[in-house]
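J.: Sharing target_34.cif (mmCIF, N, CA and C atoms) below.
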```cif
data_entry
#
loop_
_atom_site.group_PDB
_atom_site.id
_atom_site.type_symbol
_atom_site.label_atom_id
_atom_site.label_comp_id
_atom_site.auth_asym_id
_atom_site.auth_seq_id
_atom_site.Cartn_x
_atom_site.Cartn_y
_atom_site.Cartn_z
ATOM 1 N N MET A 35 0.846 -1.183 0.000
ATOM 2 C CA MET A 35 0.000 0.000 0.000
ATOM 3 C C MET A 35 0.888 1.241 0.000
ATOM 4 N N LYS A 36 0.641 2.165 -0.885
ATOM 5 C CA LYS A 36 1.421 3.385 -0.969
ATOM 6 C C LYS A 36 0.974 4.353 0.109
ATOM 7 N N SER A 37 1.969 5.057 0.699
ATOM 8 C CA SER A 37 1.601 6.086 1.666
ATOM 9 C C SER A 37 1.294 7.372 0.899
ATOM 10 N N GLU A 38 0.307 8.091 1.365
ATOM 11 C CA GLU A 38 -0.087 9.320 0.703
ATOM 12 C C GLU A 38 0.869 10.436 1.096
ATOM 13 N N VAL A 39 1.249 11.231 0.118
ATOM 14 C CA VAL A 39 2.083 12.390 0.384
ATOM 15 C C VAL A 39 1.176 13.474 0.932
ATOM 16 N N GLN A 40 1.566 13.986 2.074
ATOM 17 C CA GLN A 40 0.754 14.993 2.720
ATOM 18 C C GLN A 40 1.321 16.381 2.405
ATOM 19 N N ILE A 41 0.543 17.172 1.692
ATOM 20 C CA ILE A 41 0.942 18.529 1.354
ATOM 21 C C ILE A 41 0.137 19.475 2.228
ATOM 22 N N MET A 42 0.843 20.408 2.841
ATOM 23 C CA MET A 42 0.136 21.344 3.705
ATOM 24 C C MET A 42 0.714 22.739 3.604
ATOM 25 N N LYS A 43 -0.081 23.681 4.026
ATOM 26 C CA LYS A 43 0.334 25.068 4.142
ATOM 27 C C LYS A 43 0.665 25.326 5.600
ATOM 28 N N ILE A 44 1.663 26.160 5.841
ATOM 29 C CA ILE A 44 1.974 26.550 7.214
ATOM 30 C C ILE A 44 1.794 28.053 7.433
ATOM 31 N N LEU A 45 1.679 28.794 6.338
ATOM 32 C CA LEU A 45 1.489 30.247 6.408
ATOM 33 C C LEU A 45 0.387 30.654 5.444
ATOM 34 N N LYS A 46 -0.390 31.649 5.847
ATOM 35 C CA LYS A 46 -1.410 32.189 4.949
ATOM 36 C C LYS A 46 -1.748 33.612 5.368
ATOM 37 N N VAL A 47 -2.340 34.335 4.449
ATOM 38 C CA VAL A 47 -2.864 35.669 4.738
ATOM 39 C C VAL A 47 -4.367 35.613 4.519
ATOM 40 N N GLU A 48 -5.102 35.913 5.557
ATOM 41 C CA GLU A 48 -6.563 35.895 5.484
ATOM 42 C C GLU A 48 -7.050 37.040 4.586
ATOM 43 N N PRO A 49 -8.248 36.930 4.040
ATOM 44 C CA PRO A 49 -8.792 38.009 3.191
ATOM 45 C C PRO A 49 -8.853 39.366 3.904
ATOM 46 N N ASN A 50 -8.944 39.344 5.239
ATOM 47 C CA ASN A 50 -8.992 40.598 5.992
ATOM 48 C C ASN A 50 -7.596 41.184 6.245
ATOM 49 N N GLY A 51 -6.539 40.540 5.686
ATOM 50 C CA GLY A 51 -5.187 41.068 5.802
ATOM 51 C C GLY A 51 -4.406 40.587 7.010
ATOM 52 N N ILE A 52 -4.936 39.645 7.755
ATOM 53 C CA ILE A 52 -4.237 39.139 8.938
ATOM 54 C C ILE A 52 -3.453 37.885 8.563
ATOM 55 N N PRO A 53 -2.121 37.948 8.713
ATOM 56 C CA PRO A 53 -1.299 36.774 8.415
ATOM 57 C C PRO A 53 -1.370 35.766 9.556
ATOM 58 N N GLN A 54 -1.394 34.489 9.191
ATOM 59 C CA GLN A 54 -1.513 33.428 10.191
ATOM 60 C C GLN A 54 -0.534 32.302 9.898
ATOM 61 N N PHE A 55 -0.312 31.485 10.937
ATOM 62 C CA PHE A 55 0.561 30.323 10.825
ATOM 63 C C PHE A 55 -0.100 29.143 11.510
ATOM 64 N N THR A 56 0.396 27.948 11.181
ATOM 65 C CA THR A 56 -0.070 26.738 11.851
ATOM 66 C C THR A 56 1.130 25.865 12.178
ATOM 67 N N THR A 57 1.023 25.137 13.274
ATOM 68 C CA THR A 57 2.078 24.189 13.661
ATOM 69 C C THR A 57 1.620 22.750 13.491
ATOM 70 N N ASN A 58 0.354 22.579 13.049
ATOM 71 C CA ASN A 58 -0.164 21.221 12.895
ATOM 72 C C ASN A 58 -0.987 21.023 11.615
ATOM 73 N N GLY A 59 -1.164 22.080 10.851
ATOM 74 C CA GLY A 59 -1.932 21.983 9.617
ATOM 75 C C GLY A 59 -3.420 22.233 9.779
ATOM 76 N N PHE A 60 -3.874 22.438 11.014
ATOM 77 C CA PHE A 60 -5.309 22.607 11.264
ATOM 78 C C PHE A 60 -5.634 23.872 12.039
ATOM 79 N N ASP A 61 -4.923 24.110 13.127
ATOM 80 C CA ASP A 61 -5.202 25.245 13.998
ATOM 81 C C ASP A 61 -4.349 26.439 13.569
ATOM 82 N N TRP A 62 -5.008 27.540 13.241
ATOM 83 C CA TRP A 62 -4.322 28.726 12.745
ATOM 84 C C TRP A 62 -4.296 29.805 13.821
ATOM 85 N N LYS A 63 -3.142 30.480 13.927
ATOM 86 C CA LYS A 63 -2.951 31.556 14.904
ATOM 87 C C LYS A 63 -2.396 32.779 14.185
ATOM 88 N N ASN A 64 -2.657 33.954 14.745
ATOM 89 C CA ASN A 64 -2.116 35.180 14.174
ATOM 90 C C ASN A 64 -0.599 35.192 14.287
ATOM 91 N N ILE A 65 0.061 35.686 13.259
ATOM 92 C CA ILE A 65 1.517 35.631 13.153
ATOM 93 C C ILE A 65 2.220 36.376 14.284
ATOM 94 N N ASP A 66 1.597 37.404 14.844
ATOM 95 C CA ASP A 66 2.273 38.149 15.904
ATOM 96 C C ASP A 66 2.322 37.375 17.223
ATOM 97 N N GLY A 67 1.739 36.189 17.267
ATOM 98 C CA GLY A 67 1.822 35.334 18.449
ATOM 99 C C GLY A 67 2.840 34.215 18.309
ATOM 100 N N VAL A 68 3.595 34.201 17.217
ATOM 101 C CA VAL A 68 4.553 33.127 16.970
ATOM 102 C C VAL A 68 5.721 33.211 17.950
ATOM 103 N N ASN A 69 6.205 32.037 18.385
ATOM 104 C CA ASN A 69 7.369 31.992 19.269
ATOM 105 C C ASN A 69 8.363 30.956 18.734
ATOM 106 N N LYS A 70 9.491 30.810 19.413
ATOM 107 C CA LYS A 70 10.533 29.919 18.886
ATOM 108 C C LYS A 70 10.084 28.461 18.847
ATOM 109 N N GLU A 71 9.238 28.035 19.759
ATOM 110 C CA GLU A 71 8.714 26.661 19.729
ATOM 111 C C GLU A 71 7.838 26.455 18.488
ATOM 112 N N ASP A 72 7.027 27.470 18.176
ATOM 113 C CA ASP A 72 6.185 27.393 16.974
ATOM 114 C C ASP A 72 7.047 27.280 15.717
ATOM 115 N N ILE A 73 8.111 28.067 15.653
ATOM 116 C CA ILE A 73 9.025 28.023 14.500
ATOM 117 C C ILE A 73 9.628 26.625 14.373
ATOM 118 N N SER A 74 10.018 26.049 15.501
ATOM 119 C CA SER A 74 10.595 24.708 15.497
ATOM 120 C C SER A 74 9.582 23.679 15.002
ATOM 121 N N LEU A 75 8.345 23.785 15.450
ATOM 122 C CA LEU A 75 7.297 22.858 15.008
ATOM 123 C C LEU A 75 7.009 23.022 13.513
ATOM 124 N N MET A 76 7.011 24.260 13.019
ATOM 125 C CA MET A 76 6.796 24.485 11.590
ATOM 126 C C MET A 76 7.969 23.930 10.779
ATOM 127 N N LEU A 77 9.180 24.058 11.314
ATOM 128 C CA LEU A 77 10.349 23.498 10.641
ATOM 129 C C LEU A 77 10.233 21.980 10.564
ATOM 130 N N ASP A 78 9.767 21.347 11.638
ATOM 131 C CA ASP A 78 9.525 19.899 11.619
ATOM 132 C C ASP A 78 8.516 19.521 10.528
ATOM 133 N N LEU A 79 7.469 20.326 10.385
ATOM 134 C CA LEU A 79 6.495 20.063 9.319
ATOM 135 C C LEU A 79 7.162 20.139 7.952
ATOM 136 N N CYS A 80 8.049 21.114 7.781
ATOM 137 C CA CYS A 80 8.752 21.269 6.493
ATOM 138 C C CYS A 80 9.663 20.075 6.213
ATOM 139 N N ILE A 81 10.262 19.526 7.245
ATOM 140 C CA ILE A 81 11.168 18.394 7.084
ATOM 141 C C ILE A 81 10.394 17.116 6.774
ATOM 142 N N ASN A 82 9.282 16.919 7.465
ATOM 143 C CA ASN A 82 8.561 15.645 7.388
ATOM 144 C C ASN A 82 7.418 15.600 6.378
ATOM 145 N N HIS A 83 7.054 16.730 5.799
ATOM 146 C CA HIS A 83 5.925 16.791 4.869
ATOM 147 C C HIS A 83 6.296 17.673 3.689
ATOM 148 N N ASP A 84 5.497 17.573 2.653
ATOM 149 C CA ASP A 84 5.624 18.515 1.548
ATOM 150 C C ASP A 84 4.829 19.757 1.918
ATOM 151 N N VAL A 85 5.539 20.844 2.101
ATOM 152 C CA VAL A 85 4.919 22.098 2.521
ATOM 153 C C VAL A 85 4.960 23.078 1.353
ATOM 154 N N ILE A 86 3.855 23.764 1.156
ATOM 155 C CA ILE A 86 3.815 24.789 0.118
ATOM 156 C C ILE A 86 3.633 26.152 0.775
ATOM 157 N N LEU A 87 4.193 27.141 0.143
ATOM 158 C CA LEU A 87 4.007 28.517 0.577
ATOM 159 C C LEU A 87 3.362 29.267 -0.573
ATOM 160 N N GLU A 88 2.162 29.735 -0.367
ATOM 161 C CA GLU A 88 1.480 30.480 -1.406
ATOM 162 C C GLU A 88 2.081 31.871 -1.495
ATOM 163 N N GLU A 89 2.229 32.333 -2.730
ATOM 164 C CA GLU A 89 2.707 33.701 -2.925
ATOM 165 C C GLU A 89 1.681 34.656 -2.315
ATOM 166 N N TYR A 90 2.161 35.762 -1.812
ATOM 167 C CA TYR A 90 1.267 36.753 -1.235
ATOM 168 C C TYR A 90 1.763 38.133 -1.640
ATOM 169 N N CYS A 91 0.919 39.098 -1.523
ATOM 170 C CA CYS A 91 1.272 40.486 -1.812
ATOM 171 C C CYS A 91 1.411 41.205 -0.475
ATOM 172 N N ALA A 92 2.546 41.818 -0.244
ATOM 173 C CA ALA A 92 2.818 42.471 1.039
ATOM 174 C C ALA A 92 1.788 43.550 1.363
ATOM 175 N N THR A 93 1.179 44.128 0.344
ATOM 176 C CA THR A 93 0.182 45.174 0.612
ATOM 177 C C THR A 93 -1.102 44.600 1.207
ATOM 178 N N GLU A 94 -1.275 43.274 1.133
ATOM 179 C CA GLU A 94 -2.455 42.645 1.740
ATOM 180 C C GLU A 94 -2.413 42.740 3.264
ATOM 181 N N ILE A 95 -1.197 42.762 3.829
ATOM 182 C CA ILE A 95 -1.032 42.781 5.285
ATOM 183 C C ILE A 95 -1.025 44.231 5.745
ATOM 184 N N LYS A 96 -2.010 44.593 6.540
ATOM 185 C CA LYS A 96 -2.203 45.996 6.941
ATOM 186 C C LYS A 96 -1.312 46.407 8.116
ATOM 187 N N ASN A 97 -1.133 45.541 9.082
ATOM 188 C CA ASN A 97 -0.354 45.858 10.284
ATOM 189 C C ASN A 97 1.140 45.766 9.968
ATOM 190 N N PRO A 98 1.888 46.864 10.135
ATOM 191 C CA PRO A 98 3.313 46.859 9.780
ATOM 192 C C PRO A 98 4.140 45.823 10.557
ATOM 193 N N ALA A 99 3.857 45.637 11.839
ATOM 194 C CA ALA A 99 4.603 44.654 12.634
ATOM 195 C C ALA A 99 4.327 43.240 12.127
ATOM 196 N N GLN A 100 3.071 42.943 11.843
ATOM 197 C CA GLN A 100 2.714 41.636 11.309
ATOM 198 C C GLN A 100 3.355 41.414 9.946
ATOM 199 N N LYS A 101 3.449 42.460 9.154
ATOM 200 C CA LYS A 101 4.053 42.362 7.830
ATOM 201 C C LYS A 101 5.534 41.991 7.948
ATOM 202 N N ILE A 102 6.248 42.613 8.877
ATOM 203 C CA ILE A 102 7.675 42.324 9.078
ATOM 204 C C ILE A 102 7.864 40.887 9.534
ATOM 205 N N ILE A 103 7.097 40.470 10.536
ATOM 206 C CA ILE A 103 7.212 39.108 11.073
ATOM 207 C C ILE A 103 6.907 38.085 9.987
ATOM 208 N N PHE A 104 5.776 38.262 9.309
ATOM 209 C CA PHE A 104 5.350 37.309 8.290
ATOM 210 C C PHE A 104 6.363 37.224 7.153
ATOM 211 N N THR A 105 6.802 38.373 6.661
ATOM 212 C CA THR A 105 7.734 38.400 5.535
ATOM 213 C C THR A 105 9.037 37.698 5.887
ATOM 214 N N ASN A 106 9.572 37.954 7.080
ATOM 215 C CA ASN A 106 10.814 37.298 7.494
ATOM 216 C C ASN A 106 10.655 35.790 7.615
ATOM 217 N N ILE A 107 9.590 35.348 8.248
ATOM 218 C CA ILE A 107 9.349 33.907 8.393
ATOM 219 C C ILE A 107 9.116 33.278 7.026
ATOM 220 N N TYR A 108 8.312 33.911 6.204
ATOM 221 C CA TYR A 108 8.014 33.408 4.863
ATOM 222 C C TYR A 108 9.302 33.210 4.064
ATOM 223 N N ASN A 109 10.163 34.224 4.047
ATOM 224 C CA ASN A 109 11.400 34.146 3.265
ATOM 225 C C ASN A 109 12.341 33.062 3.779
ATOM 226 N N LYS A 110 12.463 32.916 5.084
ATOM 227 C CA LYS A 110 13.338 31.881 5.654
ATOM 228 C C LYS A 110 12.824 30.481 5.318
ATOM 229 N N PHE A 111 11.515 30.278 5.463
ATOM 230 C CA PHE A 111 10.950 28.967 5.145
ATOM 231 C C PHE A 111 10.992 28.694 3.649
ATOM 232 N N LYS A 112 10.804 29.708 2.835
ATOM 233 C CA LYS A 112 10.884 29.533 1.390
ATOM 234 C C LYS A 112 12.286 29.062 0.997
ATOM 235 N N ASP A 113 13.316 29.707 1.567
ATOM 236 C CA ASP A 113 14.701 29.303 1.297
ATOM 237 C C ASP A 113 14.947 27.869 1.755
ATOM 238 N N PHE A 114 14.457 27.530 2.944
ATOM 239 C CA PHE A 114 14.651 26.182 3.475
ATOM 240 C C PHE A 114 13.971 25.136 2.594
ATOM 241 N N ILE A 115 12.719 25.393 2.215
ATOM 242 C CA ILE A 115 11.968 24.429 1.413
ATOM 243 C C ILE A 115 12.641 24.222 0.055
ATOM 244 N N GLU A 116 13.125 25.304 -0.544
ATOM 245 C CA GLU A 116 13.789 25.198 -1.840
ATOM 246 C C GLU A 116 15.091 24.410 -1.746
ATOM 247 N N ASP A 117 15.748 24.433 -0.586
ATOM 248 C CA ASP A 117 17.038 23.757 -0.422
ATOM 249 C C ASP A 117 16.928 22.528 0.476
ATOM 250 N N LYS A 118 15.709 22.023 0.647
ATOM 251 C CA LYS A 118 15.434 20.907 1.553
ATOM 252 C C LYS A 118 16.239 19.648 1.209
ATOM 253 N N ALA A 119 16.325 19.309 -0.057
ATOM 254 C CA ALA A 119 17.047 18.101 -0.469
ATOM 255 C C ALA A 119 18.517 18.200 -0.087
ATOM 256 N N SER A 120 19.110 19.333 -0.317
ATOM 257 C CA SER A 120 20.512 19.537 0.036
ATOM 258 C C SER A 120 20.703 19.443 1.555
ATOM 259 N N PHE A 121 19.782 20.023 2.308
ATOM 260 C CA PHE A 121 19.835 19.970 3.764
ATOM 261 C C PHE A 121 19.776 18.518 4.249
ATOM 262 N N LYS A 122 18.853 17.733 3.707
ATOM 263 C CA LYS A 122 18.729 16.324 4.108
ATOM 264 C C LYS A 122 19.993 15.549 3.759
ATOM 265 N N ASP A 123 20.576 15.818 2.597
ATOM 266 C CA ASP A 123 21.822 15.146 2.203
ATOM 267 C C ASP A 123 22.945 15.477 3.183
ATOM 268 N N GLN A 124 23.028 16.732 3.600
ATOM 269 C CA GLN A 124 24.065 17.139 4.560
ATOM 270 C C GLN A 124 23.868 16.442 5.900
ATOM 271 N N VAL A 125 22.634 16.358 6.366
ATOM 272 C CA VAL A 125 22.348 15.694 7.646
ATOM 273 C C VAL A 125 22.669 14.209 7.547
ATOM 274 N N ASP A 126 22.240 13.568 6.452
ATOM 275 C CA ASP A 126 22.513 12.146 6.259
ATOM 276 C C ASP A 126 24.018 11.886 6.235
ATOM 277 N N SER A 127 24.756 12.741 5.564
ATOM 278 C CA SER A 127 26.204 12.602 5.476
ATOM 279 C C SER A 127 26.847 12.761 6.851
ATOM 280 N N LEU A 128 26.375 13.722 7.606
ATOM 281 C CA LEU A 128 26.904 13.965 8.948
ATOM 282 C C LEU A 128 26.697 12.734 9.837
ATOM 283 N N TYR A 129 25.503 12.179 9.830
ATOM 284 C CA TYR A 129 25.223 11.012 10.653
ATOM 285 C C TYR A 129 25.940 9.772 10.144
ATOM 286 N N LYS A 130 26.084 9.655 8.839
ATOM 287 C CA LYS A 130 26.787 8.522 8.259
ATOM 288 C C LYS A 130 28.226 8.483 8.760
ATOM 289 N N ASP A 131 28.893 9.625 8.748
ATOM 290 C CA ASP A 131 30.265 9.704 9.236
ATOM 291 C C ASP A 131 30.340 9.385 10.730
ATOM 292 N N ALA A 132 29.391 9.903 11.494
ATOM 293 C CA ALA A 132 29.369 9.656 12.941
ATOM 294 C C ALA A 132 29.130 8.180 13.252
ATOM 295 N N LEU A 133 28.177 7.554 12.538
ATOM 296 C CA LEU A 133 27.891 6.139 12.762
ATOM 297 C C LEU A 133 29.117 5.272 12.401
ATOM 298 N N ALA A 134 29.748 5.598 11.303
ATOM 299 C CA ALA A 134 30.934 4.838 10.891
ATOM 300 C C ALA A 134 32.052 4.995 11.913
ATOM 301 N N LYS A 135 32.188 6.167 12.457
ATOM 302 C CA LYS A 135 33.270 6.443 13.411
ATOM 303 C C LYS A 135 33.070 5.697 14.728
ATOM 304 N N TYR A 136 31.833 5.599 15.205
ATOM 305 C CA TYR A 136 31.578 5.018 16.521
ATOM 306 C C TYR A 136 31.109 3.573 16.503
ATOM 307 N N LYS A 137 31.136 2.914 15.345
ATOM 308 C CA LYS A 137 30.761 1.493 15.283
ATOM 309 C C LYS A 137 31.888 0.637 15.733
#
```
Could I get this file's structure written as structure tokens?
T.:
Amino acid sequence: MKSEVQIMKILKVEPNGIPQFTTNGFDWKNIDGVNKEDISLMLDLCINHDVILEEYCATEIKNPAQKIIFTNIYNKFKDFIEDKASFKDQVDSLYKDALAKYK
């Protein structure tokens, strides 16, 4: 039986201009409430699932603080997702060397 590839969004901008994030794919919170644990959980989602980031227009976000937070998180996750394969190869290589050394 084939396992289904789970594609999810972790960031979105609501029609009312409020940017939101999720750490589980279901419960959405306003971006100005994000903390380092939330970032870590979203990073785990990016590693373990196919995550998409929808393009957005910065003018949609009305609150300047929310715009800064959202834009920074969006850009960092976009870079990570685009380079995910390389990141996994580096981690695999690192552990491979460590396992070989301590066997």
J.: Please evaluate the PyMOL selection byres ((chain A and resi 64) around 8) against the displayed coordinates and give the resulting residues as a list in words.
T.: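 That selection, the PyMOL selection byres ((chain A and resi 64) around 8), comes back as Ile52, Pro53, Gln54, Phe55, Thr56, Asp61, Trp62, Lys63, Ile65, Asp66, Gly67, Val68 and Gln100 of chain A.
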J.: Output N, CA and C atoms for every residue in the selection just made, as a PDB file, in the frame of the given file.
T.:
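Saved file out20.pdb follows:
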```
ATOM      1  N   ILE A  52      -4.936  39.645   7.755  1.00  0.00           N
ATOM      2  CA  ILE A  52      -4.237  39.139   8.938  1.00  0.00           C
ATOM      3  C   ILE A  52      -3.453  37.885   8.563  1.00  0.00           C
ATOM      4  N   PRO A  53      -2.121  37.948   8.713  1.00  0.00           N
ATOM      5  CA  PRO A  53      -1.299  36.774   8.415  1.00  0.00           C
ATOM      6  C   PRO A  53      -1.370  35.766   9.556  1.00  0.00           C
ATOM      7  N   GLN A  54      -1.394  34.489   9.191  1.00  0.00           N
ATOM      8  CA  GLN A  54      -1.513  33.428  10.191  1.00  0.00           C
ATOM      9  C   GLN A  54      -0.534  32.302   9.898  1.00  0.00           C
ATOM     10  N   PHE A  55      -0.312  31.485  10.937  1.00  0.00           N
ATOM     11  CA  PHE A  55       0.561  30.323  10.825  1.00  0.00           C
ATOM     12  C   PHE A  55      -0.100  29.143  11.510  1.00  0.00           C
ATOM     13  N   THR A  56       0.396  27.948  11.181  1.00  0.00           N
ATOM     14  CA  THR A  56      -0.070  26.738  11.851  1.00  0.00           C
ATOM     15  C   THR A  56       1.130  25.865  12.178  1.00  0.00           C
ATOM     16  N   ASP A  61      -4.923  24.110  13.127  1.00  0.00           N
ATOM     17  CA  ASP A  61      -5.202  25.245  13.998  1.00  0.00           C
ATOM     18  C   ASP A  61      -4.349  26.439  13.569  1.00  0.00           C
ATOM     19  N   TRP A  62      -5.008  27.540  13.241  1.00  0.00           N
ATOM     20  CA  TRP A  62      -4.322  28.726  12.745  1.00  0.00           C
ATOM     21  C   TRP A  62      -4.296  29.805  13.821  1.00  0.00           C
ATOM     22  N   LYS A  63      -3.142  30.480  13.927  1.00  0.00           N
ATOM     23  CA  LYS A  63      -2.951  31.556  14.904  1.00  0.00           C
ATOM     24  C   LYS A  63      -2.396  32.779  14.185  1.00  0.00           C
ATOM     25  N   ILE A  65       0.061  35.686  13.259  1.00  0.00           N
ATOM     26  CA  ILE A  65       1.517  35.631  13.153  1.00  0.00           C
ATOM     27  C   ILE A  65       2.220  36.376  14.284  1.00  0.00           C
ATOM     28  N   ASP A  66       1.597  37.404  14.844  1.00  0.00           N
ATOM     29  CA  ASP A  66       2.273  38.149  15.904  1.00  0.00           C
ATOM     30  C   ASP A  66       2.322  37.375  17.223  1.00  0.00           C
ATOM     31  N   GLY A  67       1.739  36.189  17.267  1.00  0.00           N
ATOM     32  CA  GLY A  67       1.822  35.334  18.449  1.00  0.00           C
ATOM     33  C   GLY A  67       2.840  34.215  18.309  1.00  0.00           C
ATOM     34  N   VAL A  68       3.595  34.201  17.217  1.00  0.00           N
ATOM     35  CA  VAL A  68       4.553  33.127  16.970  1.00  0.00           C
ATOM     36  C   VAL A  68       5.721  33.211  17.950  1.00  0.00           C
ATOM     37  N   GLN A 100       3.071  42.943  11.843  1.00  0.00           N
ATOM     38  CA  GLN A 100       2.714  41.636  11.309  1.00  0.00           C
ATOM     39  C   GLN A 100       3.355  41.414   9.946  1.00  0.00           C
TER      40      GLN A 100
END
```
J.: So what do you get for CA of Ile103 (chain A) versus atom N of Asn50 (chain A), distance-wise?
T.: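 If I compute the distance from CA of Ile103 (chain A) to atom N of Asn50 (chain A), I get 17.2 Å.
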J.: Compare A:Ala119, A:Ala99, A:Ala132, A:Val47 by their minimum atom-to-atom distance to Asp84 (chain A), counting only C-alpha atoms, and give me the closest one.
T.: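 Checking each candidate against Asp84 (chain A), we get A:Ala119 as the closest.
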J.: To one decimal place in Å, what is the distance between CA of Thr105 (chain A) and atom C of Asp123 (chain A)?
T.: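 Calculated distance between CA of Thr105 (chain A) and atom C of Asp123 (chain A) is 27.6 Å.
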J.: Could you tell me how far CA of Leu45 (chain A) sits from CA of Ile102 (chain A), in Å to one decimal place?
T.: 13.8 Å
J.: Considering only C-alpha atoms, return as a ChimeraX atom specification whatever protein or nucleic-acid residues lie within 12 Å of Lys43 (chain A), sequence-local ones (same chain, fewer than 4 positions apart) excluded.
T.: /A:47,54-62,76,79-80,83-89,108,111-112,115
J.: Would you list, as a list of chain:residue names, the residues of chain A that end up in strand (DSSP E) under DSSP run on this structure's backbone?
T.: A:Ile41, A:Met42, A:Lys43, A:Leu45, A:Lys46, A:Val47, A:Pro53, A:Gln54, A:Phe55, A:Thr56, A:Trp62, A:Lys63, A:Asn64, A:Asp84, A:Val85, A:Ile86
J.: Which of chain A end up as helix (DSSP H, G or I) when DSSP is run on this backbone - answer as a PyMOL selection string?
T.: chain A and resi 65-67+70-82+92-94+98-116+118-136
J.: Using only C-alpha atoms, which of the listed residues (A:Pro98, A:Gln124, A:Asn82, A:Ile107) sits closest to Gly51 (chain A)?
T.: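 Using only C-alpha atoms, the shortest distance to Gly51 (chain A) belongs to A:Pro98.
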